[in-house]
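Visitor: Structure file start-v3.csv (CSV, C-alpha atoms) right here:
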```csv
chain,number,residue,atom,x,y,z
A,17,MET,CA,43.0,-45.1,-25.3
A,18,SER,CA,40.2,-45.7,-27.7
A,19,ALA,CA,37.4,-43.2,-28.1
A,20,ARG,CA,35.2,-43.5,-25.1
A,21,VAL,CA,32.0,-41.5,-24.4
A,22,VAL,CA,29.4,-41.5,-21.7
A,23,VAL,CA,25.9,-40.2,-22.0
A,24,SER,CA,23.7,-39.5,-19.0
A,25,MET,CA,20.0,-38.8,-19.5
A,26,PRO,CA,16.7,-40.0,-18.1
A,27,LYS,CA,15.3,-43.2,-19.6
A,28,SER,CA,11.7,-42.0,-19.6
A,29,ALA,CA,9.9,-38.7,-19.6
A,30,ARG,CA,6.4,-37.2,-19.9
A,31,ARG,CA,5.5,-35.7,-23.2
A,32,GLY,CA,6.5,-32.1,-23.4
A,33,GLU,CA,8.9,-32.4,-20.5
A,34,VAL,CA,12.3,-30.7,-20.8
A,35,ILE,CA,15.1,-33.3,-20.3
A,36,GLU,CA,18.7,-32.7,-19.5
A,37,ILE,CA,21.3,-34.6,-21.4
A,38,ARG,CA,24.9,-34.7,-20.3
A,39,THR,CA,27.7,-36.1,-22.4
A,40,LEU,CA,31.3,-36.7,-21.6
A,41,ALA,CA,34.0,-37.7,-24.1
A,42,SER,CA,37.5,-38.9,-23.3
A,43,HIS,CA,39.8,-36.7,-25.3
A,44,VAL,CA,43.2,-34.9,-24.7
A,45,MET,CA,42.0,-31.7,-26.5
A,46,GLU,CA,45.6,-30.7,-27.4
A,47,THR,CA,45.4,-27.1,-28.4
A,48,GLY,CA,48.0,-27.0,-31.0
A,49,PHE,CA,49.7,-24.0,-29.4
A,50,ARG,CA,52.0,-25.8,-27.0
A,51,ARG,CA,55.6,-26.6,-27.8
A,52,THR,CA,57.8,-29.4,-26.6
A,53,GLN,CA,61.0,-28.7,-24.7
A,54,LEU,CA,62.8,-28.7,-28.1
A,55,GLY,CA,60.6,-26.0,-29.4
A,56,GLU,CA,58.5,-28.1,-31.8
A,57,LEU,CA,54.9,-27.4,-32.0
A,58,VAL,CA,52.6,-30.1,-30.6
A,59,PRO,CA,50.1,-30.7,-33.3
A,60,ARG,CA,46.5,-29.8,-32.6
A,61,ASP,CA,44.3,-32.7,-31.6
A,62,ILE,CA,40.8,-31.7,-30.6
A,63,ILE,CA,37.2,-32.7,-31.0
A,64,THR,CA,35.7,-30.2,-33.5
A,65,GLN,CA,32.1,-31.2,-33.7
A,66,PHE,CA,29.3,-32.7,-31.7
A,67,VAL,CA,25.9,-33.5,-33.0
A,68,CYS,CA,22.8,-34.9,-31.3
A,69,THR,CA,19.9,-36.2,-33.3
A,70,TYR,CA,16.5,-37.2,-31.9
A,71,ASN,CA,14.8,-39.8,-34.1
A,72,GLY,CA,16.9,-38.5,-37.0
A,73,VAL,CA,16.2,-34.8,-36.4
A,74,GLU,CA,19.1,-32.7,-35.3
A,75,VAL,CA,18.3,-31.1,-31.9
A,76,PHE,CA,21.7,-29.9,-30.8
A,77,ARG,CA,25.0,-29.1,-32.4
A,78,ALA,CA,28.3,-27.7,-31.1
A,79,GLU,CA,31.5,-26.7,-32.6
A,80,LEU,CA,34.5,-27.1,-30.4
A,81,HIS,CA,37.7,-25.1,-30.5
A,82,PRO,CA,41.1,-25.1,-28.8
A,83,ALA,CA,40.9,-24.0,-25.2
A,84,VAL,CA,38.1,-26.4,-24.5
A,85,ALA,CA,39.4,-28.5,-21.6
A,86,ALA,CA,40.3,-32.2,-21.9
A,87,ASN,CA,37.4,-34.7,-21.6
A,88,PRO,CA,34.8,-32.1,-22.7
A,89,LEU,CA,31.5,-32.2,-20.8
A,90,ILE,CA,28.6,-31.1,-23.0
A,91,SER,CA,25.3,-30.5,-21.3
A,92,PHE,CA,22.1,-29.4,-23.0
A,93,THR,CA,18.3,-29.9,-22.9
A,94,THR,CA,15.6,-30.9,-25.3
A,95,VAL,CA,11.9,-31.4,-25.2
A,96,ALA,CA,10.7,-35.0,-25.0
A,97,THR,CA,8.3,-35.3,-27.9
A,98,GLU,CA,8.1,-39.0,-28.7
A,99,SER,CA,9.6,-42.3,-27.8
A,100,GLY,CA,12.7,-43.1,-29.7
A,101,THR,CA,16.4,-43.0,-30.1
A,102,LEU,CA,18.9,-40.2,-29.5
A,103,GLU,CA,22.1,-40.5,-31.4
A,104,PHE,CA,25.3,-38.7,-30.4
A,105,LYS,CA,28.3,-38.1,-32.6
A,106,TRP,CA,31.6,-36.6,-31.9
A,107,LEU,CA,34.1,-35.7,-34.7
A,108,GLY,CA,37.6,-34.4,-34.4
A,109,ASP,CA,41.2,-34.2,-35.7
A,110,ASN,CA,43.1,-37.2,-36.9
A,111,GLY,CA,40.0,-39.0,-37.9
A,112,TYR,CA,38.6,-39.0,-34.3
A,113,SER,CA,35.0,-40.2,-34.3
A,114,ALA,CA,32.8,-41.6,-31.6
A,115,THR,CA,29.1,-42.4,-31.5
A,116,GLU,CA,26.7,-43.3,-28.8
A,117,SER,CA,22.9,-43.8,-28.7
A,118,ALA,CA,20.3,-43.8,-26.0
A,119,GLN,CA,16.6,-44.8,-25.8
A,120,LEU,CA,14.0,-42.5,-24.5
A,121,SER,CA,10.5,-43.6,-23.7
A,122,VAL,CA,7.9,-40.9,-23.6
A,123,SER,CA,4.5,-41.4,-22.0
B,8,MET,CA,52.6,-15.8,15.9
B,9,LEU,CA,51.4,-19.3,15.1
B,10,ALA,CA,49.4,-20.6,18.0
B,11,ALA,CA,49.9,-24.3,18.8
B,12,ALA,CA,46.4,-25.8,19.1
B,13,GLY,CA,47.4,-29.5,19.2
B,14,GLU,CA,45.4,-32.3,17.6
B,15,ILE,CA,42.0,-31.5,16.3
B,16,PRO,CA,39.2,-33.0,18.6
B,17,LEU,CA,37.4,-35.8,16.8
B,18,GLU,CA,34.0,-34.0,16.7
B,19,SER,CA,35.5,-30.9,15.1
B,20,ARG,CA,37.0,-32.7,12.1
B,21,LYS,CA,36.0,-31.6,8.7
B,22,SER,CA,36.7,-33.2,5.3
B,23,GLY,CA,38.3,-31.0,2.6
B,24,TYR,CA,34.9,-31.3,1.0
B,25,ASP,CA,33.5,-28.9,3.6
B,26,PHE,CA,35.9,-26.2,2.6
B,27,MET,CA,35.1,-26.3,-1.1
B,28,SER,CA,32.8,-24.1,-3.2
B,29,ARG,CA,29.3,-25.2,-4.1
B,30,GLU,CA,30.4,-25.8,-7.7
B,31,THR,CA,33.3,-28.0,-6.8
B,32,ARG,CA,31.1,-30.0,-4.4
B,33,ALA,CA,28.6,-30.5,-7.2
B,34,MET,CA,31.4,-32.0,-9.4
B,35,GLN,CA,32.2,-34.5,-6.7
B,36,ASP,CA,28.6,-35.4,-6.0
B,37,ASP,CA,27.6,-36.0,-9.6
B,38,GLU,CA,28.5,-39.5,-10.4
B,39,ALA,CA,27.4,-39.4,-14.1
B,40,THR,CA,29.9,-36.6,-15.1
B,41,HIS,CA,32.5,-37.0,-12.4
B,42,PRO,CA,35.9,-35.8,-13.8
B,43,ALA,CA,37.5,-39.1,-12.6
B,44,LEU,CA,34.9,-41.1,-14.4
B,45,PHE,CA,37.2,-42.3,-17.2
B,46,THR,CA,39.9,-43.2,-14.6
B,47,LEU,CA,37.3,-45.4,-12.9
B,48,MET,CA,36.3,-47.0,-16.1
B,49,ASP,CA,40.0,-47.7,-16.9
B,50,GLY,CA,40.3,-49.2,-13.4
B,51,GLU,CA,37.3,-51.4,-13.8
B,52,ALA,CA,38.6,-52.7,-17.2
B,53,LEU,CA,42.1,-53.4,-15.7
B,54,PHE,CA,40.7,-55.0,-12.6
B,55,LYS,CA,38.4,-57.3,-14.6
B,56,SER,CA,41.2,-58.4,-16.9
B,57,SER,CA,44.0,-58.9,-14.4
B,58,CYS,CA,42.7,-59.0,-10.8
B,59,ALA,CA,39.2,-60.5,-10.9
B,60,SER,CA,40.3,-64.1,-11.1
B,61,CYS,CA,41.4,-63.9,-7.5
B,62,HIS,CA,39.6,-60.8,-6.1
B,63,GLN,CA,35.9,-60.3,-6.3
B,64,ASP,CA,34.8,-57.7,-3.9
B,65,MET,CA,37.2,-55.0,-2.7
B,66,LYS,CA,34.6,-53.3,-0.5
B,67,GLY,CA,36.2,-51.8,2.6
B,68,VAL,CA,39.8,-52.5,1.5
B,69,ALA,CA,40.9,-49.0,0.7
B,70,ALA,CA,39.6,-47.8,4.1
B,71,ARG,CA,42.1,-50.0,5.9
B,72,TYR,CA,45.3,-48.9,4.1
B,73,PRO,CA,48.2,-48.3,4.8
B,74,ALA,CA,48.5,-51.6,6.6
B,75,VAL,CA,51.2,-54.0,7.5
B,76,LYS,CA,51.4,-56.8,4.9
B,77,GLY,CA,54.2,-59.3,4.7
B,78,GLY,CA,56.0,-57.6,7.6
B,79,GLN,CA,56.0,-54.3,5.8
B,80,LEU,CA,53.9,-51.2,6.1
B,81,ARG,CA,52.3,-50.7,2.7
B,82,ASN,CA,49.9,-48.3,1.2
B,83,LEU,CA,47.3,-49.4,-1.3
B,84,GLU,CA,49.6,-48.5,-4.3
B,85,GLN,CA,52.3,-50.7,-2.9
B,86,GLN,CA,49.9,-53.5,-2.2
B,87,VAL,CA,48.6,-53.5,-5.7
B,88,ASN,CA,52.2,-53.6,-7.0
B,89,ALA,CA,53.2,-56.3,-4.5
B,90,CYS,CA,50.4,-58.4,-5.8
B,91,ARG,CA,51.5,-57.7,-9.4
B,92,VAL,CA,55.1,-58.6,-8.8
B,93,GLU,CA,54.8,-61.5,-6.4
B,94,ARG,CA,51.7,-63.2,-7.7
B,95,GLN,CA,51.4,-62.2,-11.3
B,96,LYS,CA,55.2,-62.0,-12.1
B,97,GLN,CA,54.6,-58.7,-13.9
B,98,PRO,CA,56.7,-55.5,-13.6
B,99,ALA,CA,55.4,-53.0,-11.0
B,100,PHE,CA,53.4,-50.0,-12.2
B,101,ALA,CA,55.2,-46.7,-11.8
B,102,TYR,CA,53.9,-44.3,-9.1
B,103,GLU,CA,51.3,-41.9,-10.7
B,104,SER,CA,51.0,-44.1,-13.8
B,105,ARG,CA,47.6,-44.2,-15.4
B,106,GLU,CA,47.2,-47.9,-14.6
B,107,LEU,CA,48.1,-47.6,-10.9
B,108,LEU,CA,45.9,-44.6,-10.4
B,109,ALA,CA,43.0,-46.3,-12.2
B,110,LEU,CA,43.3,-49.4,-10.1
B,111,THR,CA,43.6,-47.6,-6.8
B,112,ALA,CA,40.7,-45.3,-7.7
B,113,TYR,CA,38.5,-48.2,-8.7
B,114,ILE,CA,39.4,-50.1,-5.5
B,115,GLY,CA,38.9,-47.0,-3.4
B,116,ARG,CA,35.5,-46.3,-5.1
B,117,GLN,CA,34.2,-49.5,-3.7
B,118,SER,CA,34.8,-48.3,-0.1
B,119,ARG,CA,33.1,-44.9,-0.8
B,120,GLY,CA,31.1,-43.9,2.3
B,121,MET,CA,32.7,-46.4,4.6
B,122,PRO,CA,34.5,-45.2,7.7
B,123,ILE,CA,38.3,-45.0,7.5
B,124,SER,CA,39.7,-47.6,9.9
B,125,VAL,CA,43.4,-48.2,9.8
B,126,SER,CA,44.8,-50.6,12.4
B,127,ALA,CA,48.0,-48.8,13.3
B,128,GLU,CA,51.1,-50.2,14.8
B,129,GLU,CA,52.4,-47.8,17.4
B,130,LYS,CA,55.9,-47.5,16.0
B,131,HIS,CA,54.7,-46.6,12.5
B,132,LEU,CA,52.1,-44.3,13.8
B,133,ALA,CA,54.6,-42.5,16.0
B,134,ALA,CA,57.0,-42.1,13.1
B,135,GLY,CA,54.2,-40.6,11.0
B,136,ARG,CA,53.2,-38.3,13.8
B,137,ALA,CA,56.8,-37.2,14.2
B,138,THR,CA,57.0,-36.3,10.5
B,139,PHE,CA,53.7,-34.4,10.7
B,140,ASN,CA,55.0,-32.4,13.6
B,141,ARG,CA,58.6,-31.9,12.4
B,142,ARG,CA,59.5,-28.4,11.1
B,143,GLN,CA,61.1,-28.7,7.7
B,144,GLY,CA,62.1,-26.8,4.6
B,145,GLN,CA,63.4,-23.3,4.2
B,146,LEU,CA,60.1,-22.0,5.6
B,147,ASN,CA,60.7,-24.2,8.6
B,148,LEU,CA,57.1,-25.2,8.8
B,149,ALA,CA,55.5,-28.4,10.1
B,150,CYS,CA,52.3,-30.0,8.7
B,151,ALA,CA,50.7,-29.4,12.1
B,152,GLN,CA,51.2,-25.7,12.0
B,153,CYS,CA,48.8,-25.3,9.1
B,154,HIS,CA,46.6,-28.3,9.4
B,155,ASP,CA,46.2,-28.6,13.2
B,156,ASP,CA,46.7,-25.0,14.3
B,157,ASN,CA,45.4,-22.8,11.5
B,158,TRP,CA,42.9,-24.7,9.6
B,159,GLY,CA,39.9,-22.6,8.4
B,160,LYS,CA,42.1,-19.6,7.9
B,161,SER,CA,43.3,-18.5,4.4
B,162,LEU,CA,46.6,-19.2,2.7
B,163,ALA,CA,47.0,-17.1,-0.5
B,164,GLY,CA,43.3,-16.7,-0.7
B,165,ASN,CA,42.5,-20.4,-0.3
B,166,PRO,CA,41.1,-22.0,2.9
B,167,ILE,CA,43.5,-24.2,4.8
B,168,PRO,CA,41.8,-27.6,5.2
B,169,GLN,CA,42.5,-29.9,8.1
B,170,GLY,CA,44.5,-32.2,5.8
B,171,HIS,CA,42.4,-35.4,6.1
B,172,PRO,CA,43.1,-37.8,3.2
B,173,THR,CA,39.5,-38.9,2.8
B,174,GLY,CA,39.3,-39.0,-1.0
B,175,TYR,CA,42.5,-40.3,-2.6
B,176,PRO,CA,43.3,-40.9,-5.3
B,177,LEU,CA,41.4,-37.8,-6.3
B,178,TYR,CA,40.8,-35.4,-9.2
B,179,ARG,CA,42.4,-32.1,-8.4
B,180,LEU,CA,41.4,-29.2,-10.5
B,181,GLU,CA,44.9,-27.7,-10.2
B,182,TRP,CA,46.4,-30.9,-11.7
B,183,GLN,CA,43.6,-31.3,-14.3
B,184,GLY,CA,43.9,-34.9,-13.5
B,185,VAL,CA,43.9,-37.7,-10.9
B,186,GLY,CA,46.7,-38.1,-8.4
B,187,SER,CA,47.7,-40.0,-5.3
B,188,LEU,CA,48.0,-38.8,-1.8
B,189,GLN,CA,51.8,-38.8,-2.1
B,190,ARG,CA,51.6,-36.5,-5.1
B,191,ARG,CA,49.6,-34.1,-2.9
B,192,LEU,CA,52.1,-34.5,0.0
B,193,ARG,CA,54.9,-33.6,-2.4
B,194,ASN,CA,53.1,-30.4,-3.3
B,195,CYS,CA,52.9,-29.4,0.4
B,196,MET,CA,56.6,-30.2,0.9
B,197,ILE,CA,57.6,-28.2,-2.1
B,198,GLY,CA,55.4,-25.4,-0.8
B,199,VAL,CA,57.5,-25.2,2.4
B,200,ARG,CA,60.6,-25.5,0.3
B,201,ALA,CA,61.6,-28.9,1.6
B,202,GLU,CA,63.0,-31.6,-0.5
B,203,PRO,CA,60.1,-34.1,-0.9
B,204,TYR,CA,60.6,-37.7,0.1
B,205,ALA,CA,60.8,-40.2,-2.8
B,206,TYR,CA,57.5,-41.8,-4.0
B,207,GLY,CA,56.9,-44.9,-2.0
B,208,SER,CA,59.4,-44.0,0.7
B,209,GLN,CA,58.8,-45.3,4.2
B,210,GLU,CA,58.5,-41.7,5.5
B,211,PHE,CA,55.6,-41.0,3.2
B,212,VAL,CA,53.8,-44.3,3.9
B,213,GLU,CA,54.1,-43.6,7.7
B,214,LEU,CA,52.8,-40.1,7.2
B,215,GLU,CA,49.9,-41.5,5.1
B,216,LEU,CA,49.2,-43.9,8.0
B,217,TYR,CA,49.2,-41.1,10.6
B,218,LEU,CA,46.9,-39.0,8.4
B,219,MET,CA,44.5,-41.9,7.9
B,220,TRP,CA,44.5,-42.6,11.6
B,221,ARG,CA,43.9,-38.9,12.2
B,222,ALA,CA,40.9,-39.2,9.9
B,223,ARG,CA,39.7,-42.4,11.5
B,224,GLY,CA,35.9,-42.9,11.3
B,225,MET,CA,35.5,-40.3,8.6
B,226,PRO,CA,33.8,-41.6,5.5
B,227,LEU,CA,35.9,-42.3,2.5
B,228,GLU,CA,35.1,-40.1,-0.6
B,229,THR,CA,37.3,-41.8,-3.2
B,230,PRO,CA,37.5,-40.5,-5.9
B,231,ALA,CA,37.0,-37.0,-4.5
B,232,VAL,CA,37.4,-33.7,-6.3
B,233,ARG,CA,39.5,-31.0,-4.8
B,234,PRO,CA,40.5,-27.5,-6.0
```
As structure tokens, how would this structure be written, given the file I've shared?
Guide:
Amino acid sequence: MSARVVVSMPKSARRGEVIEIRTLASHVMETGFRRTQLGELVPRDIITQFVCTYNGVEVFRAELHPAVAANPLISFTTVATESGTLEFKWLGDNGYSATESAQLSVS
Amino acid sequence: MLAAAGEIPLESRKSGYDFMSRETRAMQDDEATHPALFTLMDGEALFKSSCASCHQDMKGVAARYPAVKGGQLRNLEQQVNACRVERQKQPAFAYESRELLALTAYIGRQSRGMPISVSAEEKHLAAGRATFNRRQGQLNLACAQCHDDNWGKSLAGNPIPQGHPTGYPLYRLEWQGVGSLQRRLRNCMIGVRAEPYAYGSQEFVELELYLMWRARGMPLETPAVRP
């Protein structure tokens, strides 16, 4: 399947409010430690990086490693400072890349 | 000694959800990050591309299966495949394939919260009930001995649920994936060291029917999360 991601967060918030953002990416997260029945190593295939920017400013970053479960759920919070766009980017092995964006209106 | 308690009174029935930890319940209740979310999205895409030209709304359908269609007792998986083979002239999806689970989960999702209401024919129901009460396997245990007589007690540290199939296909933490009711039934049969029936066999479908009848009136939770 192609790279699919889901972002769940409020559409609007009051200025200064802490909002929770939850993201889910569809990915097998193959650890690179497993072997096939013939003893060959299954190559590693994981998401390695996740970055969230809020109006161009990085507000959250995560490095992912083997042993993170398939379809990783990343949940974090940020402070709603101004209306704008949050951009999410996932990067991984074998050229994996996914992006998503969401609008937030702050009153 | 195992005491024989007989069928559970309707008002004492509990979904597997009621036996779960707070954390696992939260996983099922949260639609936005539900672990079966991508399966549902697959199902929606498949349904829209290959089913939606005939079927619009599948609300309530999953709550009525297994049902007799074309003279045969079929579960939802078999009905999806029958439609595919007879109407679309396409090869059937394999049991537990990504496509079949996605479609049945998507169809089941549309009946979430609706009461289970199978219209059972007595002969199929009786056959299912007989399977449920038949001792089998090297451990010589019947389904009823755990799920009618000893629910609520512990088996290897885990609570024994009543065995109501209220949320299939569901995401099981042990599987790290979505699976059908028959996959779950195979687990139990292997657990009592019996040889499981084949996927899609008449015995399994009749047992599914009996289990759904046993859970009649309970709300469908598809796709549920179970430990």
Visitor: Show which residues sit within 10 Å of A:Met45, as number ranges by chain. Count all atoms listed in the file, and ignore same-chain residues fewer than 2 positions away.
Guide: A: 42-43, 47-48, 60-64, 80-88, 108-109
Visitor: Which residue gives the smallest distance to chain A among B:Tyr217, B:Trp158, B:Phe45, B:Tyr175, with only C-alpha atoms counted?
Guide: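 When distances to chain A are compared using only C-alpha atoms, the smallest one comes from B:Phe45.
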Visitor: List as a PyMOL selection string the protein and nucleic acid residues near stretch 29-37 of chain A, meaning an atom at most 9 Å away when all atoms listed in the file are counted, but skip any in the same chain fewer than 4 places from it.
Guide: chain A and resi 23-25+90-99+120-123
Visitor: Considering all atoms listed in the file, return as an MDAnalysis selection string whatever protein or nucleic-acid residues lie within 6 Å of stretch 66-81 of chain B, sequence-local ones (same chain, fewer than 3 positions apart) excluded.
Guide: chainID B and resid 85 115 117:118 123:125 216
Visitor: Quick one, how far is atom CA of B:Pro226 from atom CA of B:Phe26?
Guide: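 These two atoms are separated by 15.8 Å.
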Visitor: Work out how far atom CA of B:Met34 is from atom CA of A:Phe66, in Å to one decimal.
Guide: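 Between atom CA of A:Phe66 and atom CA of B:Met34 the gap is 22.4 Å.
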Visitor: Work out how far apart atom CA of B:Gly198 and atom CA of B:Gln145 are and give it in Å to one decimal.
Guide: 9.7 Å
